[in-house]
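Shown next: data_32.csv, given as CSV, C-alpha atoms.
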chain,number,residue,atom,x,y,z
A,462,MET,CA,33.4,43.8,76.3
A,463,SER,CA,32.2,44.8,73.0
A,464,VAL,CA,31.4,48.4,72.1
A,465,THR,CA,27.9,47.7,70.9
A,466,THR,CA,25.3,46.8,73.5
A,467,ALA,CA,23.8,43.4,73.3
A,468,LYS,CA,20.5,45.0,72.6
A,469,ALA,CA,21.8,46.5,69.3
A,470,VAL,CA,22.5,43.0,67.9
A,471,PRO,CA,19.5,40.8,68.8
A,472,GLU,CA,19.6,38.5,65.8
A,473,THR,CA,21.1,35.4,67.4
A,474,SER,CA,19.3,33.5,70.1
A,475,ASP,CA,22.7,33.2,71.9
A,476,LYS,CA,22.4,36.9,72.6
A,477,TRP,CA,19.0,36.4,74.0
A,478,GLU,CA,20.2,33.6,76.2
A,479,VAL,CA,23.0,35.8,77.5
A,480,GLN,CA,20.5,38.6,78.4
A,481,VAL,CA,18.2,36.1,80.2
A,482,ARG,CA,21.1,34.7,82.2
A,483,LYS,CA,22.3,38.2,83.1
A,484,GLY,CA,18.8,39.3,84.1
A,485,CYS,CA,18.4,36.3,86.4
A,486,LEU,CA,21.9,36.6,87.9
A,487,GLU,CA,21.0,39.1,90.6
A,488,LEU,CA,18.2,36.9,91.9
A,489,ALA,CA,20.4,33.8,91.7
A,490,ILE,CA,23.1,35.5,93.8
A,491,LEU,CA,20.6,36.6,96.4
A,492,ALA,CA,19.2,33.0,96.4
A,493,VAL,CA,22.6,31.2,96.9
A,494,LEU,CA,23.3,33.6,99.8
A,495,TRP,CA,20.0,32.8,101.4
A,496,SER,CA,21.3,30.1,103.8
A,497,GLY,CA,24.5,31.9,104.9
A,498,ARG,CA,27.6,33.8,104.0
A,499,LEU,CA,29.8,32.8,101.0
A,500,TYR,CA,32.8,34.3,99.3
A,501,GLY,CA,33.1,35.1,95.6
A,502,LEU,CA,34.5,31.8,94.3
A,503,GLU,CA,31.9,29.8,96.3
A,504,ILE,CA,29.1,31.9,94.9
A,505,LEU,CA,30.5,31.3,91.4
A,506,ARG,CA,30.7,27.5,92.0
A,507,ARG,CA,27.1,27.4,93.5
A,508,LEU,CA,25.8,29.2,90.5
A,509,GLU,CA,27.5,26.8,88.1
A,510,GLU,CA,26.4,23.7,90.1
A,511,GLY,CA,22.8,24.7,90.8
A,512,SER,CA,21.7,26.2,87.5
A,513,ALA,CA,22.5,26.7,83.9
A,514,LEU,CA,23.9,30.1,85.0
A,515,ILE,CA,27.3,29.9,83.4
A,516,VAL,CA,28.2,33.5,83.5
A,517,PRO,CA,31.4,35.3,82.7
A,518,GLU,CA,33.3,35.4,86.1
A,519,GLY,CA,34.3,39.0,85.4
A,520,THR,CA,30.6,40.1,85.6
A,521,VAL,CA,29.9,38.5,89.0
A,522,TYR,CA,32.4,40.5,91.1
A,523,PRO,CA,31.2,43.9,89.9
A,524,LEU,CA,27.7,42.8,90.4
A,525,LEU,CA,28.4,41.8,94.0
A,526,ASN,CA,30.0,45.2,94.5
A,527,ARG,CA,26.9,46.9,93.2
A,528,LEU,CA,24.5,44.8,95.3
A,529,LYS,CA,26.6,45.8,98.3
A,530,ALA,CA,26.5,49.5,97.3
A,531,GLU,CA,22.7,49.2,97.1
A,532,GLY,CA,22.5,47.8,100.6
A,533,LEU,CA,21.3,44.3,99.6
A,534,LEU,CA,24.5,42.6,100.7
A,535,ALA,CA,27.1,43.2,103.4
A,536,SER,CA,30.7,42.0,103.2
A,537,GLU,CA,33.5,41.1,105.6
A,538,TRP,CA,37.1,40.0,105.2
A,539,VAL,CA,37.9,36.7,106.9
A,540,GLU,CA,41.4,35.3,107.3
A,541,ALA,CA,41.2,31.8,105.9
A,542,ASP,CA,43.3,28.7,106.6
A,543,ALA,CA,44.2,28.8,103.0
A,544,GLY,CA,46.7,31.6,103.8
A,545,HIS,CA,44.9,34.4,102.0
A,546,PRO,CA,41.9,36.3,103.3
A,547,ARG,CA,38.5,35.9,101.7
A,548,LYS,CA,35.8,38.4,101.2
A,549,TYR,CA,32.5,37.0,102.4
A,550,TYR,CA,29.1,38.3,101.4
A,551,LYS,CA,25.8,37.9,103.3
A,552,LEU,CA,22.3,39.2,102.8
A,553,THR,CA,21.2,42.2,104.7
A,554,ALA,CA,17.6,42.6,106.0
A,555,VAL,CA,16.8,44.7,103.0
A,556,GLY,CA,18.5,42.1,100.8
A,557,ARG,CA,16.3,39.3,102.3
A,558,ARG,CA,13.1,41.3,101.6
A,559,ARG,CA,14.2,42.0,98.1
A,560,ALA,CA,15.0,38.4,97.4
A,561,VAL,CA,11.6,37.3,98.6
A,562,GLN,CA,9.9,39.9,96.4
A,563,MET,CA,12.0,38.9,93.4
A,564,ALA,CA,11.2,35.2,94.0
A,565,GLU,CA,7.5,35.9,94.1
A,566,PHE,CA,7.7,38.0,90.9
A,567,TRP,CA,9.7,35.2,89.2
A,568,SER,CA,7.2,32.5,90.2
A,569,THR,CA,4.2,34.4,88.8
A,570,PHE,CA,6.1,35.5,85.8
A,571,SER,CA,7.5,32.1,84.8
A,572,ALA,CA,4.1,30.4,85.4
A,573,ASN,CA,2.4,32.9,83.1
A,574,LEU,CA,5.1,32.6,80.4
A,575,ASP,CA,4.9,28.9,80.6
A,576,SER,CA,1.2,28.8,79.8
A,577,LEU,CA,1.9,31.1,76.9
A,578,LEU,CA,4.6,28.7,75.7
A,579,ALA,CA,2.4,25.6,75.9
A,580,PRO,CA,1.4,25.7,72.2
A,581,LEU,CA,5.0,25.8,71.1
A,582,ARG,CA,5.8,22.6,72.9
A,583,LEU,CA,3.3,20.8,70.7
A,584,ALA,CA,4.7,22.3,67.5
A,585,PRO,CA,6.3,19.9,64.9
A,586,LEU,CA,9.7,21.4,65.5
A,587,ARG,CA,10.8,19.3,68.5
A,588,PRO,CA,14.0,19.6,70.3
A,589,GLY,CA,16.5,16.9,69.2
A,590,PRO,CA,18.3,14.5,71.5
A,591,HIS,CA,21.0,17.0,72.3
A,592,GLY,CA,18.7,19.9,73.0
A,593,LYS,CA,19.4,21.2,69.5
A,594,GLU,CA,16.6,21.9,67.1
A,595,GLU,CA,16.2,19.6,64.2
A,596,ARG,CA,15.3,21.2,61.0
B,184,MET,CA,62.9,31.7,88.5
B,185,THR,CA,60.6,29.0,89.7
B,186,GLU,CA,57.2,28.3,88.2
B,187,VAL,CA,55.4,29.7,91.3
B,188,ASN,CA,57.4,33.0,90.9
B,189,VAL,CA,56.4,33.3,87.3
B,190,ALA,CA,52.8,32.7,88.3
B,191,GLN,CA,53.0,35.3,91.1
B,192,ARG,CA,54.4,37.8,88.6
B,193,LYS,CA,51.6,37.3,86.2
B,194,ILE,CA,49.1,37.9,89.0
B,195,GLU,CA,50.8,41.1,90.1
B,196,LYS,CA,50.9,42.4,86.6
B,197,TYR,CA,47.2,41.8,86.1
B,198,LEU,CA,46.3,43.4,89.4
B,199,GLN,CA,48.5,46.4,88.8
B,200,GLU,CA,46.7,47.0,85.5
B,201,LEU,CA,43.4,46.6,87.2
B,202,ARG,CA,44.4,49.0,89.9
B,203,ALA,CA,45.5,51.6,87.3
B,204,ALA,CA,42.2,51.2,85.5
B,205,LEU,CA,40.3,51.7,88.8
B,206,ARG,CA,42.2,55.0,89.7
B,207,ALA,CA,38.9,57.0,89.4
B,208,LEU,CA,37.7,55.2,92.6
B,209,PRO,CA,38.6,56.1,96.1
B,210,ALA,CA,41.9,54.3,97.0
B,211,GLU,CA,40.2,52.2,99.8
B,212,GLN,CA,37.5,50.9,97.5
B,213,ALA,CA,40.0,50.1,94.7
B,214,SER,CA,42.2,48.2,97.2
B,215,ASP,CA,39.2,46.2,98.3
B,216,ILE,CA,38.4,45.2,94.7
B,217,VAL,CA,42.0,44.3,93.9
B,218,GLU,CA,42.4,42.2,97.0
B,219,GLU,CA,39.2,40.4,96.4
B,220,LEU,CA,40.3,39.5,92.9
B,221,ARG,CA,43.7,38.5,94.2
B,222,SER,CA,42.0,36.1,96.5
B,223,HIS,CA,40.0,34.7,93.7
B,224,ILE,CA,42.9,34.2,91.3
B,225,VAL,CA,45.2,32.7,94.0
B,226,GLU,CA,42.6,30.2,95.2
B,227,LYS,CA,41.4,29.2,91.8
B,228,ALA,CA,44.8,28.9,90.2
B,229,ALA,CA,46.0,26.7,93.1
B,230,ALA,CA,42.9,24.5,93.1
B,231,ASN,CA,44.8,21.5,91.7
B,232,GLY,CA,47.8,21.8,94.0
B,233,GLU,CA,50.7,24.1,93.2
B,234,MET,CA,50.1,27.3,91.3
B,235,THR,CA,51.4,27.2,87.7
B,236,PRO,CA,51.7,30.0,85.2
B,237,VAL,CA,49.3,28.1,82.9
B,238,ALA,CA,46.7,27.9,85.6
B,239,VAL,CA,47.0,31.6,86.4
B,240,ASP,CA,46.7,32.5,82.7
B,241,SER,CA,43.5,30.5,82.5
B,242,VAL,CA,41.9,32.1,85.5
B,243,ILE,CA,42.9,35.6,84.3
B,244,THR,CA,41.4,34.8,80.9
B,245,ASP,CA,38.1,33.9,82.5
B,246,LEU,CA,38.0,37.2,84.4
B,247,GLY,CA,38.5,39.2,81.3
B,248,ARG,CA,40.8,42.1,80.5
B,249,PRO,CA,41.6,44.4,83.4
B,250,GLU,CA,40.2,47.5,81.6
B,251,ASP,CA,36.9,45.7,80.9
B,252,LEU,CA,36.6,44.5,84.4
B,253,ALA,CA,37.4,47.9,85.8
B,254,SER,CA,34.9,49.5,83.4
B,255,LEU,CA,32.1,47.4,84.9
B,256,TYR,CA,33.0,48.5,88.4
B,257,LEU,CA,33.2,52.2,87.3
B,258,THR,CA,30.0,52.3,85.4
B,259,ASP,CA,28.1,50.8,88.4
B,260,ASP,CA,29.9,53.1,90.8
B,261,LEU,CA,29.1,56.2,88.9
B,262,GLN,CA,25.5,55.3,88.4
B,263,VAL,CA,25.0,54.5,92.1
B,264,ARG,CA,26.6,57.8,93.1
B,265,ALA,CA,24.7,59.8,90.5
B,266,LEU,CA,21.4,58.4,91.7
B,267,ALA,CA,22.3,59.1,95.3
B,268,SER,CA,23.6,62.6,94.9
B,269,ARG,CA,21.7,64.0,91.8
B,270,SER,CA,24.8,66.2,91.2
B,271,PRO,CA,24.8,67.3,87.5
B,272,LEU,CA,28.5,66.6,87.4
B,273,LEU,CA,28.0,63.0,88.4
B,274,VAL,CA,25.0,62.7,86.1
B,275,LEU,CA,27.1,63.9,83.2
B,276,ARG,CA,30.1,61.6,84.1
B,277,SER,CA,27.8,58.6,84.4
B,278,LEU,CA,26.1,59.5,81.0
B,279,PHE,CA,29.6,60.1,79.5
B,280,ARG,CA,30.6,56.6,80.4
B,281,TRP,CA,27.3,55.2,79.2
B,282,ALA,CA,27.8,57.1,75.9
B,283,SER,CA,31.1,55.3,75.4
B,284,LEU,CA,29.2,52.0,75.5
B,285,SER,CA,26.2,52.6,73.4
B,286,PHE,CA,24.4,54.8,70.8
B,287,ALA,CA,21.5,55.5,73.1
B,288,GLY,CA,23.9,56.7,75.8
B,289,CYS,CA,25.5,59.0,73.2
B,290,PHE,CA,22.1,60.5,72.4
B,291,VAL,CA,21.1,61.0,76.1
B,292,LEU,CA,24.5,62.6,76.8
B,293,MET,CA,24.1,65.1,73.9
B,294,SER,CA,20.6,66.0,75.0
B,295,SER,CA,21.7,66.5,78.6
B,296,LEU,CA,24.7,68.7,77.5
B,297,LEU,CA,22.3,70.8,75.4
B,298,GLY,CA,19.8,71.1,78.3
B,299,TYR,CA,22.5,72.2,80.8
B,300,PHE,CA,24.0,74.6,78.2
B,301,VAL,CA,20.7,76.4,77.4
B,302,ALA,CA,19.8,76.4,81.1
B,303,ALA,CA,23.1,78.1,81.9
B,304,ALA,CA,22.7,80.6,79.1
B,305,LEU,CA,19.2,81.6,80.3
B,306,VAL,CA,20.4,82.1,83.9
B,307,TYR,CA,23.5,84.0,82.8
B,308,SER,CA,21.6,86.4,80.5
B,309,ALA,CA,19.1,87.0,83.4
B,310,LEU,CA,22.0,87.7,85.8
B,311,LEU,CA,23.9,89.9,83.4
B,312,LYS,CA,20.8,92.1,82.5
B,313,PRO,CA,21.3,94.4,85.4
B,314,ILE,CA,25.0,94.8,84.4
B,315,HIS,CA,24.4,95.3,80.7
B,316,PRO,CA,20.8,96.6,80.7
B,317,ARG,CA,21.0,97.8,77.0
B,318,THR,CA,22.6,94.7,75.4
B,319,ALA,CA,21.7,91.6,77.5
B,320,GLY,CA,18.5,89.6,77.1
B,321,LEU,CA,16.6,87.7,74.5
B,322,TRP,CA,17.0,89.4,71.1
B,323,MET,CA,15.5,89.1,67.7
B,324,ILE,CA,18.3,89.8,65.3
B,325,PRO,CA,17.8,90.4,61.6
B,326,ASP,CA,19.7,87.9,59.5
B,327,GLY,CA,19.2,88.7,55.8
B,328,ALA,CA,15.5,88.5,55.1
B,329,ASP,CA,15.1,86.3,58.2
B,330,TYR,CA,15.3,86.8,61.9
B,331,GLU,CA,17.2,84.8,64.4
B,332,ILE,CA,16.3,84.6,68.1
B,333,SER,CA,19.4,84.9,70.2
B,334,LEU,CA,20.2,85.0,73.9
B,335,ARG,CA,22.8,87.7,74.5
B,336,LEU,CA,25.0,88.0,77.5
B,337,GLY,CA,25.4,91.7,76.8
B,338,PHE,CA,29.0,91.7,75.6
B,339,GLY,CA,29.6,93.7,72.4
B,340,ALA,CA,27.2,95.9,70.5
B,341,VAL,CA,23.7,94.7,69.4
B,342,PRO,CA,23.4,94.5,65.6
B,343,ALA,CA,21.3,97.3,64.0
B,344,GLY,CA,17.6,96.6,63.7
B,345,SER,CA,17.5,94.1,66.6
B,346,ARG,CA,14.7,94.0,69.0
B,347,ASP,CA,14.8,93.1,72.8
B,348,LEU,CA,11.9,90.7,73.1
B,349,LEU,CA,11.6,90.5,76.9
B,350,GLY,CA,13.2,93.6,78.3
B,351,TRP,CA,13.5,93.4,82.0
B,352,TRP,CA,11.3,90.3,82.0
B,353,ILE,CA,14.4,88.3,81.1
B,354,VAL,CA,15.4,88.4,84.8
B,355,PRO,CA,12.4,86.5,86.2
B,356,ILE,CA,11.7,84.5,83.1
B,357,GLY,CA,15.4,83.6,82.5
B,358,LEU,CA,15.9,82.6,86.1
B,359,THR,CA,12.7,80.5,86.3
B,360,VAL,CA,13.0,78.8,82.9
B,361,GLY,CA,16.8,78.4,83.3
B,362,ILE,CA,16.6,76.8,86.7
B,363,GLY,CA,13.6,74.7,85.7
B,364,LEU,CA,15.4,73.4,82.6
B,365,PHE,CA,18.4,72.7,84.8
B,366,LEU,CA,16.4,70.5,87.2
B,367,LEU,CA,14.5,68.9,84.3
B,368,THR,CA,17.7,68.0,82.5
B,369,SER,CA,19.1,66.4,85.8
B,370,GLN,CA,15.8,64.6,86.3
B,371,CYS,CA,15.7,63.2,82.7
B,372,GLY,CA,19.4,62.2,83.0
B,373,LEU,CA,18.7,60.3,86.3
B,374,TRP,CA,15.6,58.8,84.7
B,375,CYS,CA,17.7,57.5,81.8
B,376,ILE,CA,20.3,56.1,84.1
B,377,ARG,CA,17.6,54.3,86.1
B,378,TRP,CA,16.2,53.0,82.8
B,379,LEU,CA,19.7,51.9,81.7
B,380,ARG,CA,20.2,50.0,85.0
B,381,ARG,CA,16.9,48.2,84.6
B,382,ALA,CA,17.7,47.4,80.9
B,383,SER,CA,21.1,45.9,81.6
B,384,PRO,CA,22.0,45.4,85.3
B,385,ILE,CA,25.7,45.2,84.6
B,386,ALA,CA,26.7,47.2,81.7
B,387,THR,CA,27.1,44.9,78.7
B,388,HIS,CA,29.2,42.1,77.4
Just give me the structure of the file as structure tokens.
Amino acid sequence: MSVTTAKAVPETSDKWEVQVRKGCLELAILAVLWSGRLYGLEILRRLEEGSALIVPEGTVYPLLNRLKAEGLLASEWVEADAGHPRKYYKLTAVGRRRAVQMAEFWSTFSANLDSLLAPLRLAPLRPGPHGKEER
Amino acid sequence: MTEVNVAQRKIEKYLQELRAALRALPAEQASDIVEELRSHIVEKAAANGEMTPVAVDSVITDLGRPEDLASLYLTDDLQVRALASRSPLLVLRSLFRWASLSFAGCFVLMSSLLGYFVAAALVYSALLKPIHPRTAGLWMIPDGADYEISLRLGFGAVPAGSRDLLGWWIVPIGLTVGIGLFLLTSQCGLWCIRWLRRASPIATH
């Protein structure tokens, strides 16, 4: 972890992307837990499979811990066949309500932002074949 | 020593460092965190069959340094506790940790310290007025051609030419303003912590 905050060095778009991912991480975690309990590594794998949310693994566990402290998640230890116990997380009733609220906010927000971005998509600077900008 | 033993040792070393860095947390909570990460490392390192030292190294690298990982847990923990309890001590500890991470945090910490300090000085001088009626209070003290306004707790003699601005009024005013400032500082600190939590849900990377 660097000493400066990400906010202090906003020059690169990479930094911005990290911030966006981080901001969405909480909602993404609540979303992957929607259909049932999962343990940490499963949550990480779902996040990687289901979205471009490639996040540092070290940030997910403290976040799970915080969501639990805030009452959005509950956890339990389960003895696995693998030989070591696993800590499973599931949504609490409060967590479910919060997830629905966040999803609603996200839909409205992303639709609005999308319409704002429409002119940019017609701009001469088009994404290249590998998603990189051609200048 | 077999490969698996070396791998096990690496895991133990990492987890010991993590546990040491988490010592500020209650033991039970720290154990829970350590065991969860042990489970993560063991399962991920053995994903392709037998656990090897190289696989363990790679998993540990992905997790980050133990101190950094612990610091994310501690920052969150302090914030949650400060928000729940409103105790000035927790507010300050939380701000102190924040201050070590950013310039804004530093500024908020300094302001809060100043707020608590002035609040304490006001309350003390109000409380000490009955004990040192002639010397405690809010004084205007000559300083060359200028004057300086000073809160005195009543120890030592008052410099010549000074004027007691409030007299006995320091008792109700000192207590009210002091306690008010104390609550205001706590409130501002909590507000800043909430703002920080919204601005970056999990500290920063």
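When all atoms listed in the file are used to measure the gap to chain A, the shortest distance among B:Val274, B:Leu379, B:Val187, B:Leu364 belongs to B:Leu379.
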task = Within 10 Å of Leu528 of chain A, counting all atoms listed in the file, which residues show up once you throw out same-chain ones fewer than 2 positions away? Write them as a PyMOL selection string, please.
result = (chain A and resi 487+490-491+522-526+530-535+552+556) or (chain B and resi 259)
request  = Please provide as a ChimeraX atom specification all residues within 8 Å of Val242 of chain B, with the sequence filter that same-chain residues fewer than 6 positions apart are discarded (counting only C-alpha atoms).
outcome  = /B:224,227-228
key: chain B contacts on chain A, only C-alpha atoms, 12 Å, as a PyMOL selection string   = chain A and resi 462-470+476+479-488+500-506+515-532+536-550
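A straight line drawn from atom CA of Leu201 of chain B to atom CA of Ser241 of chain B is 16.8 Å long.
Atom CA of Gln199 of chain B is found 21.2 Å from atom CA of Thr185 of chain B.
Interatomic distance, atom CA of Ala210 of chain B to atom CA of Pro271 of chain B: 23.5 Å.
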key: For Ile314 of chain B: contacts at 12 Å, only C-alpha atoms, fewer than 5 positions along chain excluded, given as an MDAnalysis selection string   = chainID B and resid 307:309 319:320 336:338 351 354
